[in-house]
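Asks: Handing over final-v2.csv, CSV, C-alpha atoms.
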chain,number,residue,atom,x,y,z
A,1,MET,CA,0.0,0.0,0.0
A,2,GLU,CA,2.9,2.4,0.7
A,3,MET,CA,4.4,1.7,-2.7
A,4,ALA,CA,1.0,2.2,-4.4
A,5,SER,CA,0.7,5.6,-2.7
A,6,LEU,CA,4.0,7.0,-4.1
A,7,SER,CA,3.4,10.3,-5.8
A,8,VAL,CA,6.4,12.4,-7.0
A,9,TYR,CA,8.5,9.2,-7.4
A,10,LYS,CA,5.6,7.1,-8.8
A,11,GLY,CA,7.8,6.6,-11.9
A,12,ILE,CA,10.1,4.1,-10.2
A,13,LEU,CA,7.2,1.5,-10.3
A,14,ASN,CA,7.9,1.4,-14.1
A,15,ARG,CA,11.4,0.2,-13.5
A,16,THR,CA,12.0,-3.5,-13.7
A,17,VAL,CA,13.1,-4.4,-10.2
A,18,PRO,CA,10.7,-2.1,-8.2
A,19,LYS,CA,7.9,-3.2,-10.5
A,20,ALA,CA,8.6,-6.9,-9.8
A,21,PHE,CA,9.0,-6.3,-6.0
A,22,TYR,CA,5.7,-4.3,-6.0
A,23,ARG,CA,4.0,-7.3,-7.6
A,24,LEU,CA,5.5,-9.7,-5.1
A,25,LEU,CA,4.3,-7.6,-2.1
A,26,TRP,CA,0.7,-7.7,-3.4
A,27,ALA,CA,1.0,-11.4,-4.1
A,28,ALA,CA,2.2,-12.0,-0.5
A,29,ARG,CA,-1.2,-10.8,0.8
A,30,GLY,CA,-3.3,-12.4,-2.0
A,31,ASP,CA,-5.2,-15.7,-2.1
A,32,SER,CA,-3.1,-17.6,-4.6
A,33,LEU,CA,0.0,-19.6,-3.5
A,34,GLU,CA,0.9,-20.1,-7.1
A,35,ALA,CA,0.8,-16.4,-7.9
A,36,PHE,CA,3.0,-15.7,-4.8
A,37,LEU,CA,5.6,-18.3,-5.8
A,38,ASN,CA,5.7,-17.1,-9.4
A,39,ALA,CA,6.1,-13.5,-8.2
A,40,TRP,CA,8.9,-14.5,-5.9
A,41,GLY,CA,10.8,-16.3,-8.6
A,42,ASP,CA,10.3,-13.5,-11.1
A,43,PHE,CA,11.5,-10.9,-8.7
A,44,TYR,CA,14.6,-12.9,-7.7
A,45,ASP,CA,15.4,-13.5,-11.4
A,46,VAL,CA,15.3,-9.8,-12.4
A,47,LEU,CA,17.3,-8.9,-9.3
A,48,CYS,CA,20.0,-11.3,-10.3
A,49,MET,CA,19.9,-10.1,-13.9
A,50,ARG,CA,20.6,-6.6,-12.6
A,51,GLY,CA,23.5,-7.9,-10.4
A,52,TYR,CA,21.8,-6.8,-7.1
A,53,SER,CA,21.0,-10.1,-5.4
A,54,GLU,CA,23.4,-9.0,-2.6
A,55,ASN,CA,22.1,-5.4,-2.4
A,56,LEU,CA,18.4,-4.9,-2.7
A,57,ALA,CA,18.5,-1.5,-1.0
A,58,GLY,CA,21.1,-0.2,-3.4
A,59,CYS,CA,19.0,-1.3,-6.3
A,60,ILE,CA,15.7,0.1,-5.1
A,61,THR,CA,17.1,3.4,-3.8
A,62,GLY,CA,19.3,3.8,-6.9
A,63,THR,CA,16.2,4.0,-9.1
A,64,ALA,CA,15.3,7.2,-7.4
A,65,LEU,CA,18.6,8.8,-8.7
A,66,PHE,CA,17.5,8.3,-12.3
A,67,ASP,CA,13.8,9.1,-11.9
A,68,GLU,CA,12.5,12.1,-13.9
A,69,ASN,CA,9.9,13.9,-11.9
A,70,ALA,CA,8.9,17.4,-10.7
A,71,PHE,CA,11.6,17.5,-8.0
A,72,SER,CA,14.5,16.1,-10.1
A,73,LEU,CA,13.7,18.4,-13.0
A,74,ALA,CA,13.5,21.4,-10.8
A,75,ALA,CA,16.7,20.5,-9.0
A,76,ALA,CA,18.6,19.8,-12.2
A,77,ALA,CA,17.6,23.2,-13.5
A,78,GLY,CA,18.9,24.8,-10.3
A,79,THR,CA,15.6,25.7,-8.7
A,80,ALA,CA,16.5,26.1,-5.1
A,81,VAL,CA,13.0,26.5,-3.5
A,82,LEU,CA,10.3,23.9,-3.8
A,83,PRO,CA,6.6,24.5,-2.7
A,84,GLU,CA,6.2,23.1,0.8
A,85,GLY,CA,3.6,20.6,-0.4
A,86,VAL,CA,6.0,19.2,-3.0
A,87,ARG,CA,8.8,19.0,-0.4
A,88,ARG,CA,6.6,17.0,2.0
A,89,ALA,CA,5.6,14.6,-0.8
A,90,VAL,CA,9.3,14.1,-1.8
A,91,ARG,CA,10.2,13.4,1.9
A,92,ARG,CA,7.4,10.9,2.3
A,93,ASP,CA,8.2,9.1,-1.0
A,94,LEU,CA,11.9,8.8,-0.1
A,95,ALA,CA,10.9,7.4,3.3
A,96,VAL,CA,8.7,4.8,1.6
A,97,ILE,CA,11.5,3.9,-0.8
A,98,ARG,CA,14.0,3.4,2.0
A,99,GLN,CA,11.5,1.4,4.0
A,100,VAL,CA,10.6,-0.9,1.1
A,101,ALA,CA,14.3,-1.4,0.3
A,102,SER,CA,15.0,-2.7,3.8
A,103,ILE,CA,12.5,-5.6,3.6
A,104,THR,CA,14.3,-9.0,4.1
A,105,PRO,CA,13.2,-12.2,2.5
A,106,GLN,CA,12.6,-13.7,6.0
A,107,GLU,CA,10.2,-10.8,6.9
A,108,LEU,CA,8.3,-11.1,3.6
A,109,ARG,CA,8.0,-14.9,3.8
A,110,GLU,CA,6.9,-15.0,7.5
A,111,ASN,CA,4.4,-12.2,7.2
A,112,SER,CA,2.8,-13.5,3.9
A,113,ALA,CA,-0.5,-15.2,3.8
A,114,PHE,CA,1.3,-18.4,2.9
A,115,ALA,CA,3.9,-18.6,5.7
A,116,GLN,CA,3.0,-22.2,6.7
A,117,ASP,CA,2.8,-23.3,3.0
A,118,VAL,CA,6.3,-22.1,2.2
A,119,ALA,CA,7.9,-22.9,5.6
A,120,GLY,CA,9.7,-26.0,4.3
A,121,MET,CA,10.6,-24.5,1.0
A,122,GLU,CA,14.1,-23.2,0.3
A,123,LEU,CA,13.1,-20.1,-1.6
A,124,PRO,CA,16.0,-18.1,-3.0
A,125,GLU,CA,16.9,-15.2,-0.7
A,126,TRP,CA,18.5,-11.8,-1.3
A,127,LYS,CA,20.5,-9.6,0.9
A,128,THR,CA,19.2,-6.1,1.7
A,129,GLY,CA,22.6,-4.4,1.6
A,130,GLU,CA,22.8,-0.6,2.0
A,131,PRO,CA,21.0,2.3,0.2
A,132,VAL,CA,22.9,4.5,-2.2
A,133,ALA,CA,25.0,7.1,-0.4
A,134,VAL,CA,22.8,10.1,-1.1
A,135,LEU,CA,19.8,8.3,0.5
A,136,GLY,CA,21.6,7.3,3.7
A,137,GLY,CA,21.3,9.2,7.1
A,138,ASP,CA,18.9,11.9,8.0
A,139,LEU,CA,16.0,12.1,5.6
A,140,ASP,CA,15.8,16.0,5.4
A,141,HIS,CA,19.6,16.0,4.6
A,142,CYS,CA,18.9,13.3,1.9
A,143,ILE,CA,16.6,15.8,0.1
A,144,THR,CA,19.4,18.3,0.0
A,145,LYS,CA,21.9,15.6,-1.2
A,146,MET,CA,19.5,14.4,-3.9
A,147,ALA,CA,19.0,18.0,-5.2
A,148,GLU,CA,22.8,18.4,-5.4
A,149,TYR,CA,23.1,15.1,-7.3
A,150,TYR,CA,20.4,16.1,-9.8
A,151,ARG,CA,22.1,19.5,-10.3
A,152,SER,CA,25.4,17.8,-11.0
A,153,ASN,CA,24.2,14.8,-13.0
A,154,GLY,CA,20.9,15.7,-14.5
A,155,CYS,CA,17.8,13.4,-14.1
A,156,GLY,CA,16.0,10.6,-15.8
A,157,MET,CA,17.8,8.6,-18.5
A,158,TYR,CA,20.1,11.6,-19.1
A,159,ALA,CA,21.6,11.0,-15.7
A,160,ARG,CA,22.2,7.3,-16.4
A,161,TYR,CA,23.4,7.6,-20.0
A,162,ARG,CA,25.5,10.1,-21.9
A,163,ALA,CA,25.0,9.1,-25.5
A,164,PHE,CA,21.7,8.6,-27.4
A,165,ILE,CA,20.3,7.9,-30.8
A,166,TRP,CA,17.0,9.0,-32.5
A,167,ARG,CA,15.3,5.8,-33.5
A,168,ASP,CA,11.6,4.8,-34.1
A,169,GLY,CA,10.4,8.3,-33.2
A,170,ALA,CA,12.1,8.4,-29.8
A,171,ILE,CA,15.4,9.1,-28.1
A,172,GLN,CA,17.0,5.8,-27.3
A,173,PRO,CA,20.0,5.5,-24.9
A,174,VAL,CA,23.3,4.0,-26.0
A,175,ALA,CA,24.4,1.6,-23.3
A,176,TYR,CA,27.9,1.2,-24.5
A,177,PRO,CA,29.1,4.4,-26.2
A,178,ASP,CA,32.5,4.8,-27.9
A,179,LYS,CA,35.2,5.5,-25.3
A,180,THR,CA,37.4,7.7,-27.4
A,181,ARG,CA,39.0,10.5,-25.4
A,182,LEU,CA,40.7,13.7,-26.5
A,183,GLN,CA,44.1,12.5,-25.4
A,184,ASP,CA,43.7,9.5,-27.7
A,185,LEU,CA,43.4,11.7,-30.8
A,186,LYS,CA,46.8,12.8,-32.3
A,187,GLY,CA,47.4,15.7,-34.6
A,188,TYR,CA,44.9,18.2,-35.8
A,189,ASP,CA,45.3,20.2,-32.6
A,190,VAL,CA,44.3,23.5,-34.2
A,191,PRO,CA,40.9,22.5,-35.8
A,192,ARG,CA,40.1,20.3,-32.7
A,193,ARG,CA,40.8,23.3,-30.4
A,194,GLU,CA,38.1,25.3,-32.3
A,195,ALA,CA,35.6,22.5,-31.6
A,196,ILE,CA,36.6,22.3,-27.9
A,197,GLU,CA,36.4,26.1,-27.4
A,198,ASN,CA,33.0,26.2,-29.1
A,199,THR,CA,31.7,23.4,-26.9
A,200,LEU,CA,33.0,24.9,-23.7
A,201,ALA,CA,31.4,28.2,-24.6
A,202,PHE,CA,28.1,26.3,-25.1
A,203,LEU,CA,28.4,24.6,-21.7
A,204,GLU,CA,29.2,27.9,-20.0
A,205,GLY,CA,26.1,29.6,-21.4
A,206,LEU,CA,28.1,31.8,-23.8
A,207,PRO,CA,27.4,32.3,-27.5
A,208,ALA,CA,28.2,29.2,-29.5
A,209,ASN,CA,27.7,28.1,-33.0
A,210,ASN,CA,26.4,25.1,-34.9
A,211,CYS,CA,29.5,23.3,-36.2
A,212,LEU,CA,30.3,21.6,-39.5
A,213,MET,CA,33.4,19.5,-39.5
A,214,TYR,CA,34.4,18.7,-43.1
A,215,GLY,CA,37.3,17.2,-44.9
A,216,ASP,CA,39.0,14.0,-45.9
A,217,ARG,CA,38.0,10.6,-44.6
A,218,GLY,CA,39.7,9.2,-41.6
A,219,THR,CA,40.9,12.5,-40.3
A,220,GLY,CA,39.1,12.2,-36.9
A,221,LYS,CA,35.9,14.3,-37.5
A,222,SER,CA,33.5,11.9,-35.9
A,223,SER,CA,36.0,10.8,-33.3
A,224,THR,CA,36.3,14.5,-32.2
A,225,VAL,CA,32.6,14.6,-31.4
A,226,LYS,CA,32.7,11.3,-29.5
A,227,ALA,CA,35.8,12.6,-27.6
A,228,LEU,CA,34.1,15.9,-26.7
A,229,LEU,CA,31.2,13.9,-25.2
A,230,ASN,CA,33.5,11.7,-23.1
A,231,GLU,CA,35.5,14.8,-22.0
A,232,PHE,CA,32.6,17.1,-21.0
A,233,TYR,CA,29.7,14.9,-20.0
A,234,PRO,CA,30.5,15.6,-16.3
A,235,LYS,CA,29.7,19.2,-17.1
A,236,GLY,CA,26.2,18.3,-18.4
A,237,LEU,CA,26.9,17.6,-22.0
A,238,ARG,CA,24.9,14.9,-23.8
A,239,VAL,CA,25.0,13.8,-27.5
A,240,ILE,CA,22.0,12.6,-29.5
A,241,GLU,CA,22.9,11.1,-32.9
A,242,MET,CA,20.3,11.7,-35.5
A,243,PRO,CA,20.7,9.7,-38.8
A,244,LYS,CA,20.3,11.9,-41.8
A,245,GLU,CA,17.3,10.0,-43.1
A,246,TYR,CA,15.3,11.1,-40.0
A,247,LEU,CA,16.0,14.8,-40.2
A,248,MET,CA,12.3,15.3,-41.0
A,249,ASP,CA,11.7,14.2,-37.4
A,250,PHE,CA,13.8,17.1,-36.0
A,251,PRO,CA,10.8,19.0,-34.5
A,252,TYR,CA,9.7,15.9,-32.6
A,253,LEU,CA,13.2,15.5,-31.2
A,254,VAL,CA,13.6,19.1,-30.0
A,255,ASP,CA,10.2,18.9,-28.3
A,256,GLN,CA,11.5,16.1,-26.1
A,257,ILE,CA,14.7,17.9,-25.0
A,258,ALA,CA,13.6,21.5,-24.8
A,259,GLY,CA,12.5,21.2,-21.2
A,260,ILE,CA,15.5,19.1,-20.0
A,261,PRO,CA,18.1,21.1,-18.0
A,262,MET,CA,21.0,19.6,-19.8
A,263,LYS,CA,23.1,20.7,-22.8
A,264,PHE,CA,22.7,18.6,-26.0
A,265,ILE,CA,24.7,18.2,-29.2
A,266,ILE,CA,22.6,16.8,-32.0
A,267,PHE,CA,25.1,14.9,-34.0
A,268,ILE,CA,24.6,14.2,-37.7
A,269,ASP,CA,27.4,12.0,-39.1
A,270,ASP,CA,28.5,11.8,-42.7
A,271,LEU,CA,26.1,14.4,-43.9
A,272,SER,CA,25.8,15.0,-47.7
A,273,PHE,CA,23.0,15.3,-50.2
A,274,SER,CA,22.8,14.1,-53.8
A,275,GLN,CA,20.0,16.5,-54.5
A,276,GLN,CA,17.7,18.9,-52.7
A,277,ASP,CA,15.4,16.4,-51.1
A,278,GLY,CA,13.1,16.9,-48.2
A,279,THR,CA,15.8,16.3,-45.6
A,280,TYR,CA,18.0,19.0,-47.2
A,281,SER,CA,15.2,21.6,-46.8
A,282,ALA,CA,14.4,20.4,-43.3
A,283,LEU,CA,18.0,20.9,-42.0
A,284,LYS,CA,18.3,24.2,-43.7
A,285,SER,CA,15.1,25.4,-42.0
A,286,VAL,CA,16.4,24.3,-38.6
A,287,LEU,CA,19.7,26.1,-39.1
A,288,GLN,CA,18.1,29.2,-40.4
A,289,GLY,CA,15.6,29.4,-37.6
A,290,GLY,CA,11.9,28.9,-37.7
A,291,LEU,CA,8.9,27.7,-35.7
A,292,ALA,CA,10.6,24.3,-35.1
A,293,ALA,CA,14.1,25.8,-34.6
A,294,LYS,CA,16.5,24.1,-32.2
A,295,PRO,CA,16.1,25.0,-28.5
A,296,ALA,CA,18.6,27.1,-26.6
A,297,ASN,CA,20.0,24.0,-24.9
A,298,ALA,CA,21.1,22.3,-28.2
A,299,LEU,CA,23.6,22.7,-30.9
A,300,ILE,CA,24.0,20.8,-34.2
A,301,TYR,CA,27.4,19.2,-34.9
A,302,ALA,CA,27.7,17.6,-38.4
A,303,THR,CA,30.5,15.9,-40.2
A,304,SER,CA,30.9,15.6,-43.9
A,305,ASN,CA,33.5,14.8,-46.6
A,306,ARG,CA,32.0,17.7,-48.6
A,307,ARG,CA,32.4,21.4,-47.7
A,308,HIS,CA,29.2,22.4,-49.4
A,309,LEU,CA,27.3,19.2,-48.4
A,310,LEU,CA,25.3,19.1,-51.7
A,311,ARG,CA,26.8,17.3,-54.7
A,312,GLU,CA,27.0,19.6,-57.7
A,313,ASN,CA,27.5,18.6,-61.3
A,314,PHE,CA,28.7,20.7,-64.2
A,315,SER,CA,25.5,19.9,-65.9
A,316,ASP,CA,23.7,21.7,-63.1
A,317,ARG,CA,25.5,24.9,-64.1
A,318,ASN,CA,24.8,24.5,-67.8
A,319,GLY,CA,21.1,23.6,-67.5
A,320,ASP,CA,18.2,25.6,-68.8
A,321,ASP,CA,17.4,27.2,-65.5
A,322,LEU,CA,16.4,30.9,-66.1
A,323,HIS,CA,17.9,31.9,-62.8
A,324,ARG,CA,21.0,29.7,-62.8
A,325,ASN,CA,23.0,31.8,-60.3
A,326,ASP,CA,20.1,31.7,-57.8
A,327,THR,CA,20.0,28.0,-58.0
A,328,ILE,CA,23.7,27.6,-57.5
A,329,GLN,CA,23.6,29.8,-54.4
A,330,GLU,CA,20.7,27.8,-53.1
A,331,CYS,CA,22.8,24.7,-53.4
A,332,LEU,CA,25.7,26.2,-51.5
A,333,SER,CA,23.8,28.0,-48.8
A,334,LEU,CA,23.2,25.1,-46.5
A,335,ALA,CA,26.9,24.9,-45.4
A,336,ASP,CA,26.9,28.6,-44.7
A,337,ARG,CA,24.1,28.1,-42.2
A,338,PHE,CA,26.7,26.6,-39.8
A,339,GLY,CA,28.3,29.3,-37.8
A,340,LEU,CA,31.5,27.4,-37.5
A,341,ALA,CA,33.1,25.3,-40.3
A,342,ILE,CA,36.2,23.3,-39.4
A,343,ASN,CA,38.4,21.8,-42.0
A,344,PHE,CA,40.2,18.4,-41.4
A,345,THR,CA,42.6,17.6,-44.3
A,346,LEU,CA,44.9,14.7,-45.0
A,347,PRO,CA,48.3,15.4,-43.4
A,348,ASP,CA,51.5,15.7,-45.4
A,349,LYS,CA,54.2,13.1,-44.8
A,350,ALA,CA,55.9,15.0,-42.0
A,351,LYS,CA,52.6,15.4,-40.1
A,352,PHE,CA,51.7,11.8,-40.8
A,353,LEU,CA,54.9,10.5,-39.3
A,354,GLU,CA,54.4,12.8,-36.3
A,355,ILE,CA,51.0,11.3,-35.6
A,356,VAL,CA,52.5,7.8,-35.9
A,357,GLN,CA,55.3,8.7,-33.4
A,358,GLN,CA,52.7,10.1,-30.9
A,359,LEU,CA,50.6,6.9,-31.2
A,360,ALA,CA,53.7,4.7,-30.7
A,361,PHE,CA,54.7,6.7,-27.7
A,362,GLN,CA,51.2,6.4,-26.2
A,363,LYS,CA,51.3,2.6,-26.7
A,364,GLY,CA,54.8,2.2,-25.3
A,365,ILE,CA,56.2,1.1,-28.7
A,366,GLU,CA,59.8,2.0,-29.4
Using the file provided, produce a representation of the structure as structure tokens.

Replies:
Amino acid sequence: MEMASLSVYKGILNRTVPKAFYRLLWAARGDSLEAFLNAWGDFYDVLCMRGYSENLAGCITGTALFDENAFSLAAAAGTAVLPEGVRRAVRRDLAVIRQVASITPQELRENSAFAQDVAGMELPEWKTGEPVAVLGGDLDHCITKMAEYYRSNGCGMYARYRAFIWRDGAIQPVAYPDKTRLQDLKGYDVPRREAIENTLAFLEGLPANNCLMYGDRGTGKSSTVKALLNEFYPKGLRVIEMPKEYLMDFPYLVDQIAGIPMKFIIFIDDLSFSQQDGTYSALKSVLQGGLAAKPANALIYATSNRRHLLRENFSDRNGDDLHRNDTIQECLSLADRFGLAINFTLPDKAKFLEIVQQLAFQKGIE
């Protein structure tokens, strides 16, 4: 009944382990022994799958760290004062979560409606363990510590993950993102510094530009974006990769992140167009600004092998277009919408050997 009455933190009941435990608690007071035993086995299975069979408290209380609710959103945005009613609800919810997380298998078994039926059964047992650090100690102090956690790490899935991809009309987390760091990238210090400075300005709330990284293949354009994420995610940076074919969905994506108190780079990799299709116009509209323009907490970083993004043929210049110059300018205008264009070119032999030497030194190769 306490779990059912959660309010601000009601969302944790949608998480796998709390949801299974909630079902088990109701089954313990039900009228079906089979349902109780099934619920016990299901709960223990998902607890083991998550690696928490020795620490139920850590698992249950940990879900609160990643819950997206009125309190976590306000705290992540830096809102210092909560309405007293909301604060009381948060305090009560956290008390319930800690209470539920401390239930032992012995208590649950002996106080169930089937205590005599299962007395001789060796049901698998978990250990309660300890709650996460921010939910230990005085409850009022816990609220302060939780607010500090959200302010530093964000909330919801954006606190648990750093990399995302737009897929099937939704933002999906990437569980195992590329681990490239800036120190792993050799050469190209000057162009990479431009990207770093632009990203830092963005994170610090200063004017920053959408960025186009263009140039030869294999020169580290995409790796630079991945390294920026791994370097600056502790400062609140998150990256959402948007495949080029889904650019028409851009308004739906920005609707989902506009209210999130984090900084987002919307990453479009290997961007180029063979003709002015719908996605070309959609991206141009976004960069130019319109009703569905990107929110203030997002920038677009794109990589391409083409400086002007759109493939242009000589036949395009010699066609029968009455306003040929206007058409050419239209083809070239998209790249100009990026406030910052950074060129990555193939190195000459001396630069190439310098990169090789740096890599060898990093790997400890003589």

Asks: Could you name the residues that touch A:Val356 at 10 Å or less, counting all atoms listed in the file, but leaving out those on the same chain fewer than 5 positions away, as a VMD selection string?

Replies: chain A and resid 186 to 187 351 361 to 362

Asks: If you count only C-alpha atoms, which residues fall within 7 Å of A:Val239, apart from same-chain ones fewer than 5 positions away, as a list in words?

Replies: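 In the requested format, the answer is Arg162, Ala163, Phe164, Leu229, Phe264, Ile265, Ile266 and Phe267 of chain A.
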
Asks: I want to know what sits within 10 Å of stretch 81-86 of chain A, based on all atoms listed in the file, with residues of the same chain fewer than 5 positions away left out; could you give that as a list in words?

Replies: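 Listed by chain and then number, they are Ser7, Val8, Ala70, Phe71, Ala74, Ala75, Arg91 and Arg92 of chain A.
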
Asks: One decimal, in Å: what's the spacing between atom CA of A:Gly259 and atom CA of A:Asn209?

Replies: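 That distance, rounded to one decimal, is 20.4 Å.
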
Asks: State, in Å with one decimal place, the distance from atom CA of A:Ala341 to atom CA of A:Gln357.

Replies: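 Distance between the two atoms: 28.6 Å.
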
Asks: Report, in Å to a single decimal, how far apart atom CA of A:Ser304 and atom CA of A:Gly215 are.

Replies: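 So the two atoms, atom CA of A:Gly215 and atom CA of A:Ser304, lie 6.7 Å apart.
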
Asks: For A:Phe43, which residue out of A:Leu123, A:Ala170, A:Cys155, A:Ala76 is the nearest one, using all atoms listed in the file?

Replies: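 Distance minimum relative to A:Phe43 lands on A:Leu123.
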
Asks: For stretch 172-180 of chain A, work out the shell of residues within 10 Å, counting only C-alpha atoms and skipping chain neighbours fewer than 5 positions away, then give it as a ChimeraX atom specification.

Replies: /A:157-158,160-167,185,223-231,240-241

Asks: Which residue, A:Ile171, A:Ala57, A:Leu94, A:Leu271, has the smallest gap to A:Pro18 when you use all atoms listed in the file?

Replies: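 The closest residue to A:Pro18 is A:Ala57.
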
Asks: With distances taken over only C-alpha atoms, which residue among A:Glu148, A:Glu197, A:Asp138, A:Glu54 lies nearest A:Ser72?

Replies: A:Glu148

Asks: Identify which of the residues A:Lys19, A:Lys127, A:Lys263, A:Arg238 lies closest to A:Ser53, counting all atoms listed in the file when measuring atom-to-atom distances.

Replies: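 Distance minimum relative to A:Ser53 lands on A:Lys127.
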
Asks: Compare A:Val17, A:Leu299, A:Ala258, A:Met1 by their minimum atom-to-atom distance to A:Val46, counting all atoms listed in the file, and give me the closest one.

Replies: A:Val17

Asks: For A:Pro243, please output as a list in words all residues within 8 Å (counting all atoms listed in the file; exclusion window: fewer than 2 positions along the same chain).

Replies: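 Counting only the stated atoms, we get Trp166, Glu241, Glu245, Tyr246, Leu247, Ile268 and Asp269 of chain A.
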
Asks: Could you please fill out stretch 231-238 of chain A with all heavy atoms and send it back as a compact mmCIF listing (two decimals), in the coordinates of the input?

Replies:
# COMPACT_ATOMS: atom_id res chain seq x y z
N GLU A 231 34.73 13.83 -22.73
CA GLU A 231 35.50 14.80 -22.00
C GLU A 231 34.56 15.68 -21.11
O GLU A 231 34.88 16.02 -19.96
CB GLU A 231 36.30 15.68 -22.90
CG GLU A 231 37.35 16.52 -22.22
CD GLU A 231 38.54 15.70 -21.74
OE1 GLU A 231 38.79 14.61 -22.30
OE2 GLU A 231 39.23 16.17 -20.81
N PHE A 232 33.41 16.03 -21.66
CA PHE A 232 32.60 17.10 -21.00
C PHE A 232 31.24 16.61 -20.51
O PHE A 232 30.46 17.43 -20.05
CB PHE A 232 32.38 18.23 -22.02
CG PHE A 232 33.66 18.91 -22.44
CD1 PHE A 232 34.02 18.99 -23.78
CD2 PHE A 232 34.53 19.44 -21.50
CE1 PHE A 232 35.20 19.62 -24.17
CE2 PHE A 232 35.71 20.05 -21.88
CZ PHE A 232 36.05 20.14 -23.22
N TYR A 233 30.98 15.29 -20.54
CA TYR A 233 29.70 14.90 -20.00
C TYR A 233 29.55 15.16 -18.51
O TYR A 233 28.43 15.42 -18.04
CB TYR A 233 29.42 13.39 -20.31
CG TYR A 233 30.07 12.40 -19.38
CD1 TYR A 233 29.42 11.97 -18.22
CD2 TYR A 233 31.33 11.89 -19.65
CE1 TYR A 233 30.03 11.06 -17.36
CE2 TYR A 233 31.93 10.99 -18.81
CZ TYR A 233 31.28 10.57 -17.66
OH TYR A 233 31.88 9.69 -16.81
N PRO A 234 30.65 15.18 -17.71
CA PRO A 234 30.50 15.60 -16.30
C PRO A 234 30.00 17.03 -16.15
O PRO A 234 29.49 17.41 -15.09
CB PRO A 234 31.87 15.39 -15.70
CG PRO A 234 32.55 14.41 -16.58
CD PRO A 234 32.04 14.72 -17.95
N LYS A 235 30.16 17.84 -17.19
CA LYS A 235 29.70 19.20 -17.10
C LYS A 235 28.27 19.38 -17.65
O LYS A 235 27.76 20.50 -17.80
CB LYS A 235 30.63 20.12 -17.99
CG LYS A 235 32.05 20.23 -17.47
CD LYS A 235 32.89 21.14 -18.37
CE LYS A 235 34.31 21.29 -17.85
NZ LYS A 235 34.37 22.07 -16.60
N GLY A 236 27.61 18.25 -17.92
CA GLY A 236 26.20 18.30 -18.40
C GLY A 236 26.01 18.12 -19.84
O GLY A 236 24.89 18.32 -20.34
N LEU A 237 27.05 17.73 -20.59
CA LEU A 237 26.90 17.60 -22.00
C LEU A 237 26.37 16.17 -22.35
O LEU A 237 26.81 15.17 -21.79
CB LEU A 237 28.27 17.74 -22.73
CG LEU A 237 28.27 17.60 -24.26
CD1 LEU A 237 27.45 18.72 -24.89
CD2 LEU A 237 29.69 17.60 -24.81
N ARG A 238 25.42 16.11 -23.28
CA ARG A 238 24.90 14.90 -23.80
C ARG A 238 24.86 14.96 -25.33
O ARG A 238 24.71 16.05 -25.88
CB ARG A 238 23.49 14.58 -23.27
CG ARG A 238 23.39 14.50 -21.74
CD ARG A 238 24.14 13.30 -21.18
NE ARG A 238 24.00 13.19 -19.74
CZ ARG A 238 24.86 13.70 -18.85
NH1 ARG A 238 25.92 14.38 -19.27
NH2 ARG A 238 24.67 13.53 -17.56
